[in-house]
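File shown: structure14.txt (compact mmCIF, C-alpha atoms).
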# COMPACT_ATOMS: atom_id res chain seq x y z
CA MET A 1 0.00 0.00 0.00
CA SER A 2 1.33 3.43 -0.96
CA ASP A 3 1.06 6.57 1.17
CA ASN A 4 1.38 8.73 -1.95
CA LYS A 5 -1.47 10.72 -3.42
CA HIS A 6 -0.83 9.28 -6.89
CA PRO A 7 -0.24 5.51 -7.08
CA ILE A 8 2.30 4.67 -9.78
CA ARG A 9 0.39 3.15 -12.67
CA VAL A 10 2.22 1.80 -15.73
CA GLY A 11 0.71 0.12 -18.77
CA PHE A 12 2.07 -3.16 -20.13
CA ASN A 13 3.69 -2.79 -23.56
CA ALA A 14 3.52 -6.18 -25.28
CA LYS A 15 5.69 -5.19 -28.24
CA LYS A 16 8.40 -3.70 -26.07
CA ALA A 17 8.25 -6.65 -23.68
CA ALA A 18 8.60 -9.02 -26.65
CA GLN A 19 11.65 -7.13 -27.91
CA ALA A 20 13.24 -7.21 -24.46
CA ALA A 21 12.54 -10.96 -24.23
CA ASN A 22 13.93 -11.46 -27.73
CA LYS A 23 17.11 -9.62 -26.79
CA LEU A 24 17.65 -12.04 -23.90
CA LEU A 25 16.68 -15.05 -26.05
CA THR A 26 19.10 -13.97 -28.76
CA LEU A 27 21.89 -13.71 -26.17
CA SER A 28 20.82 -17.21 -25.03
CA ASN A 29 21.28 -18.69 -28.55
CA GLY A 30 17.60 -18.43 -29.38
CA GLU A 31 15.88 -20.35 -26.59
CA ARG A 32 15.64 -20.48 -22.83
CA ASN A 33 13.79 -22.03 -19.90
CA TYR A 34 10.81 -19.72 -19.56
CA MET A 35 11.17 -19.22 -15.81
CA GLU A 36 14.76 -18.09 -16.37
CA LEU A 37 13.55 -15.65 -19.03
CA VAL A 38 10.82 -14.22 -16.78
CA LYS A 39 13.26 -13.74 -13.90
CA LEU A 40 15.85 -12.07 -16.13
CA LEU A 41 13.14 -9.72 -17.38
CA TYR A 42 12.16 -9.05 -13.77
CA LEU A 43 15.77 -8.14 -12.91
CA ALA A 44 15.93 -5.86 -15.94
CA ASP A 45 12.67 -4.07 -15.07
CA ARG A 46 13.79 -3.78 -11.45
CA GLU A 47 17.06 -2.14 -12.44
CA ALA A 48 15.27 0.11 -14.93
CA TRP A 49 13.03 1.40 -12.12
CA LEU A 50 16.10 2.24 -10.04
CA ARG A 51 18.19 3.65 -12.87
CA PHE A 52 15.64 5.30 -15.17
CA GLU A 53 12.58 5.62 -12.88
CA CYS A 54 10.62 3.70 -15.51
CA PRO A 55 10.40 -0.03 -16.32
CA ILE A 56 11.13 -1.61 -19.68
CA THR A 57 8.05 -3.83 -20.03
CA GLY A 58 5.50 -2.02 -17.86
CA ASP A 59 4.48 -5.37 -16.37
CA ARG A 60 3.30 -5.96 -12.82
CA MET A 61 5.85 -7.33 -10.38
CA ALA A 62 4.87 -10.16 -8.05
CA ALA A 63 6.34 -12.40 -5.35
CA LEU A 64 5.72 -16.12 -5.90
CA PRO A 65 6.94 -19.04 -3.77
CA HIS A 66 9.89 -19.53 -6.15
CA GLY A 67 10.90 -15.88 -6.23
CA LEU A 68 9.99 -12.69 -8.06
CA VAL A 69 8.45 -12.52 -11.54
CA LEU A 70 6.67 -10.28 -14.00
CA SER A 71 3.14 -11.57 -13.62
CA HIS A 72 1.51 -10.76 -16.97
CA ILE A 73 4.43 -12.16 -18.97
CA LEU A 74 4.36 -15.35 -16.91
CA ASN A 75 0.62 -15.65 -17.56
CA LEU A 76 1.15 -15.06 -21.30
CA ILE A 77 3.65 -17.91 -21.44
CA ARG A 78 1.60 -20.30 -19.33
CA CYS A 79 -1.94 -19.44 -20.43
CA GLY A 80 -1.75 -17.63 -23.78
CA PRO A 81 -3.09 -14.19 -24.72
CA GLY A 82 -5.53 -12.39 -22.47
CA SER A 83 -6.54 -9.80 -25.08
CA ILE A 84 -5.76 -8.64 -28.60
CA GLU A 85 -3.19 -6.20 -27.17
CA ASP A 86 -1.03 -9.19 -26.20
CA GLY A 87 -0.61 -10.23 -29.84
CA PRO A 88 2.86 -8.71 -30.41
CA TRP A 89 4.33 -10.99 -27.73
CA PHE A 90 3.27 -14.11 -29.66
CA ASP A 91 4.71 -12.77 -32.92
CA VAL A 92 8.14 -12.92 -31.30
CA VAL A 93 8.14 -15.51 -28.49
CA SER A 94 7.01 -19.12 -28.99
CA ALA A 95 4.61 -21.05 -26.81
CA PRO A 96 6.51 -23.14 -24.24
CA PHE A 97 7.64 -26.66 -25.04
CA ASP A 98 9.48 -28.73 -22.46
CA TYR A 99 9.62 -25.58 -20.25
CA LYS A 100 11.47 -23.63 -22.96
CA VAL A 101 10.48 -20.75 -25.22
CA LYS A 102 12.14 -19.79 -28.49
CA SER A 103 12.70 -16.63 -30.46
CA LEU A 104 10.46 -16.59 -33.57
CA GLN A 105 12.01 -13.56 -35.28
CA PRO A 106 15.35 -11.80 -35.67
CA PHE A 107 15.89 -9.27 -32.90
CA GLU A 108 14.41 -5.81 -33.50
CA ASN A 109 14.89 -2.85 -31.18
CA ASP A 110 12.67 -0.02 -32.43
CA GLU A 111 10.77 0.01 -29.10
CA LEU A 112 13.88 -0.14 -26.90
CA SER A 113 16.13 2.79 -26.13
CA GLY A 114 19.88 2.36 -26.38
CA ALA A 115 20.11 2.60 -22.59
CA GLU A 116 17.47 -0.12 -22.16
CA GLU A 117 19.22 -2.42 -24.61
CA ARG A 118 22.53 -1.92 -22.79
CA LEU A 119 20.80 -2.65 -19.48
CA LEU A 120 19.46 -5.95 -20.86
CA GLU A 121 22.97 -6.85 -22.00
CA GLU A 122 24.29 -5.97 -18.55
CA ILE A 123 21.67 -8.15 -16.83
CA PHE A 124 22.56 -11.01 -19.14
CA SER A 125 26.27 -10.53 -18.47
CA LEU A 126 25.65 -10.68 -14.72
CA HIS A 127 22.99 -13.38 -14.56
CA GLY A 128 22.53 -14.96 -17.98
CA ARG A 129 24.52 -18.09 -17.14
CA LYS A 130 22.38 -18.87 -14.08
CA ASP A 131 19.69 -21.55 -14.23
CA TRP A 132 16.16 -21.11 -12.87
CA ARG A 133 17.11 -22.46 -9.43
CA GLN A 134 19.97 -19.98 -9.07
CA LEU A 135 17.77 -17.14 -10.30
CA SER A 136 15.07 -18.19 -7.86
CA ILE A 137 17.55 -18.05 -4.97
CA LEU A 138 18.79 -14.67 -6.19
CA THR A 139 15.31 -13.15 -6.30
CA HIS A 140 14.46 -14.63 -2.88
CA ARG A 141 17.28 -12.51 -1.49
CA LEU A 142 15.96 -9.23 -2.88
CA PRO A 143 14.36 -7.00 -0.24
CA GLU A 144 10.96 -6.81 -1.96
CA TRP A 145 10.37 -10.59 -1.85
CA THR A 146 8.03 -11.75 0.89
CA ASP A 147 6.70 -15.28 1.30
CA PRO A 148 3.28 -15.46 -0.39
CA ASN A 149 2.38 -18.71 1.43
CA GLY A 150 1.78 -20.68 -1.74
CA SER A 151 -0.01 -17.88 -3.59
CA SER A 152 1.29 -14.60 -5.03
CA LEU A 153 1.69 -11.10 -3.68
CA PRO A 154 1.94 -7.95 -5.81
CA VAL A 155 5.06 -5.81 -5.52
CA SER A 156 4.31 -2.18 -6.27
CA PRO A 157 6.87 0.20 -7.74
CA GLU A 158 6.45 2.26 -4.58
CA GLN A 159 7.49 -0.73 -2.44
CA LEU A 160 10.55 -1.38 -4.55
CA LEU A 161 11.65 2.25 -4.59
CA LYS A 162 11.08 2.68 -0.87
CA LEU A 163 13.05 -0.48 -0.03
CA GLU A 164 15.86 0.83 -2.19
CA LYS A 165 15.98 4.02 -0.08
CA ARG A 166 14.23 6.41 -2.46
CA SER A 167 12.59 9.27 -0.57
CA ASN A 168 8.83 9.74 -0.32
CA SER A 169 9.14 12.99 -2.27
CA ASP A 170 11.00 11.18 -5.07
CA ILE A 171 8.35 8.46 -5.20
CA GLU A 172 5.54 11.02 -5.25
CA ARG A 173 7.29 12.92 -8.06
CA ILE A 174 7.64 9.73 -10.13
CA ALA A 175 3.97 8.87 -9.56
CA TYR A 176 2.90 12.39 -10.51
CA GLU A 177 4.93 12.21 -13.73
CA PHE A 178 3.29 8.92 -14.72
CA ALA A 179 -0.16 10.37 -13.97
CA THR A 180 0.66 13.43 -16.09
CA TYR A 181 1.80 11.29 -19.04
CA ALA A 182 -1.40 9.24 -18.78
CA ARG A 183 -3.55 12.39 -18.87
CA LEU A 184 -1.64 13.68 -21.91
CA ASP A 185 -2.18 10.37 -23.70
CA ASP A 186 -5.90 10.52 -22.89
CA ASP A 187 -6.10 14.11 -24.16
CA LEU A 188 -4.33 13.18 -27.39
CA GLU A 189 -6.68 10.26 -27.99
CA ALA A 190 -9.71 12.44 -27.32
CA SER A 191 -8.48 15.12 -29.73
CA GLU A 192 -7.83 12.76 -32.65
CA PRO A 193 -10.26 13.43 -35.50
CA ASP A 194 -12.89 10.91 -36.51
CA THR A 195 -11.28 8.83 -39.26
CA GLU A 196 -14.53 7.43 -40.66
CA LEU A 197 -14.54 7.83 -44.45
CA VAL A 198 -17.52 9.50 -46.08
CA TYR A 199 -18.26 8.82 -49.74

Would you kindly transcribe this structure into structure tokens?
Amino acid sequence: MSDNKHPIRVGFNAKKAAQAANKLLTLSNGERNYMELVKLLYLADREAWLRFECPITGDRMAALPHGLVLSHILNLIRCGPGSIEDGPWFDVVSAPFDYKVKSLQPFENDELSGAEERLLEEIFSLHGRKDWRQLSILTHRLPEWTDPNGSSLPVSPEQLLKLEKRSNSDIERIAYEFATYARLDDDLEASEPDTELVY
């Protein structure tokens, strides 16, 4: 629970998440155990919050019995698409087979900034040789993990930032910026002209 006036709300970007996953899959020779992939993406989003004050994928963080994950991506892999907006993920990342997923396309980076791509490379350099058990142990040791008693517990950006010693004023500023961007996006959508063709 956040004490801030503006909870930090971020939208999931399926295309950007797919490109981030594909970057890690490409560095992994094209395929990877899907739990390893999800945990590497978690570590990348976590570091992006701390370094850039904005995640790469926009996914929700969660504590599971076997560590920390990005919950929507894990559900996409295990259960398939939840809506049409999830489609770009499945253009790039295969359905799991024998607990592995594969890259379906050559890596593209038009959604990723240079800094985000370098961060993904850094995460892979640090943790890319670890298996899912080692990554599970690693994420158990992070301060935001709490035992969900067999279920799952959400981890908010506010929790993560606070545990990493960011001030309340910093967290409120970040939340306010996200709220402002969301309002601007809504205003832009509302101001777009009707594109219906009249003959």

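Put simply, atom CA of Asn13 of chain A is 20.2 Å away from atom CA of Glu36 of chain A.
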
Quick one: contact table of segment 37-140 of chain A to segment 152-157 of chain A, 7 Å max, nearest atom pair and distance in Å to one decimal per residue, counting only C-alpha atoms, chain and number order, as CSV?
residue,atom,partner,partner_atom,distance
A:Met61,CA,A:Val155,CA,5.2
A:Ala62,CA,A:Pro154,CA,4.3
A:Ala63,CA,A:Leu153,CA,5.1
A:Leu64,CA,A:Ser152,CA,4.8

Could you produce a table of the residues of segment 95-116 of chain A lying within 10 Å of segment 17-27 of chain A, with the nearest pair of atoms per residue and their separation in Å rounded to one decimal, using all atoms listed in the file, ordered by chain and increasing residue number, as a Markdown table?
| residue | atom | partner | partner_atom | distance |
| --- | --- | --- | --- | --- |
| A:Val101 | CA | A:Leu25 | CA | 8.5 |
| A:Lys102 | CA | A:Leu25 | CA | 7.0 |
| A:Ser103 | CA | A:Asn22 | CA | 6.0 |
| A:Leu104 | CA | A:Asn22 | CA | 8.5 |
| A:Gln105 | CA | A:Asn22 | CA | 8.1 |
| A:Pro106 | CA | A:Asn22 | CA | 8.1 |
| A:Phe107 | CA | A:Asn22 | CA | 5.9 |
| A:Glu108 | CA | A:Gln19 | CA | 6.4 |
| A:Asn109 | CA | A:Gln19 | CA | 6.3 |
| A:Asp110 | CA | A:Gln19 | CA | 8.5 |
| A:Glu111 | CA | A:Gln19 | CA | 7.3 |
| A:Leu112 | CA | A:Gln19 | CA | 7.4 |
| A:Glu116 | CA | A:Ala20 | CA | 8.6 |

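Counting only C-alpha atoms, the residue from A:Tyr181, A:Glu85, A:Ile73, A:Lys162 that sits nearest to Leu40 of chain A is A:Ile73.
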
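Shortest atom-to-atom contact with Trp89 of chain A among A:Arg60, A:Arg141, A:Arg46, A:His72: A:His72, counting only C-alpha atoms.
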
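Of the residues under consideration (A:Ser94, A:Ser83, A:Ser169, A:Ser125), A:Ser125 shows the shortest atom-to-atom contact distance to Ser28 of chain A when counting all atoms listed in the file.
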
> At a cut-off of 9 Å from (10.7, -12.8, -0.6) in the coordinates of the file, what residues are picked up using all atoms listed in the file, written as an MDAnalysis selection string?
Replying inline: chainID A and resid 63:68 139:148

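In this comparison, which uses only C-alpha atoms, the residue of A:Lys130, A:Arg173, A:Arg183, A:Arg9 approaching Pro55 of chain A most closely is A:Arg9.
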
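Restricting the calculation to only C-alpha atoms, the smallest distance between Leu160 of chain A and any of A:Leu50, A:Ile137, A:Ala14, A:Leu119 is found for A:Leu50.
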
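Closest to Ser71 of chain A among A:Thr57, A:Asn168, A:Gln134, A:Asn33 is A:Thr57, based on all atoms listed in the file.
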
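Taking atom CA of Gly11 of chain A as the reference point, atom CA of Cys54 of chain A is found at 11.0 Å.
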
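One finds atom CA of Lys100 of chain A at 5.2 Å from atom CA of Tyr34 of chain A.
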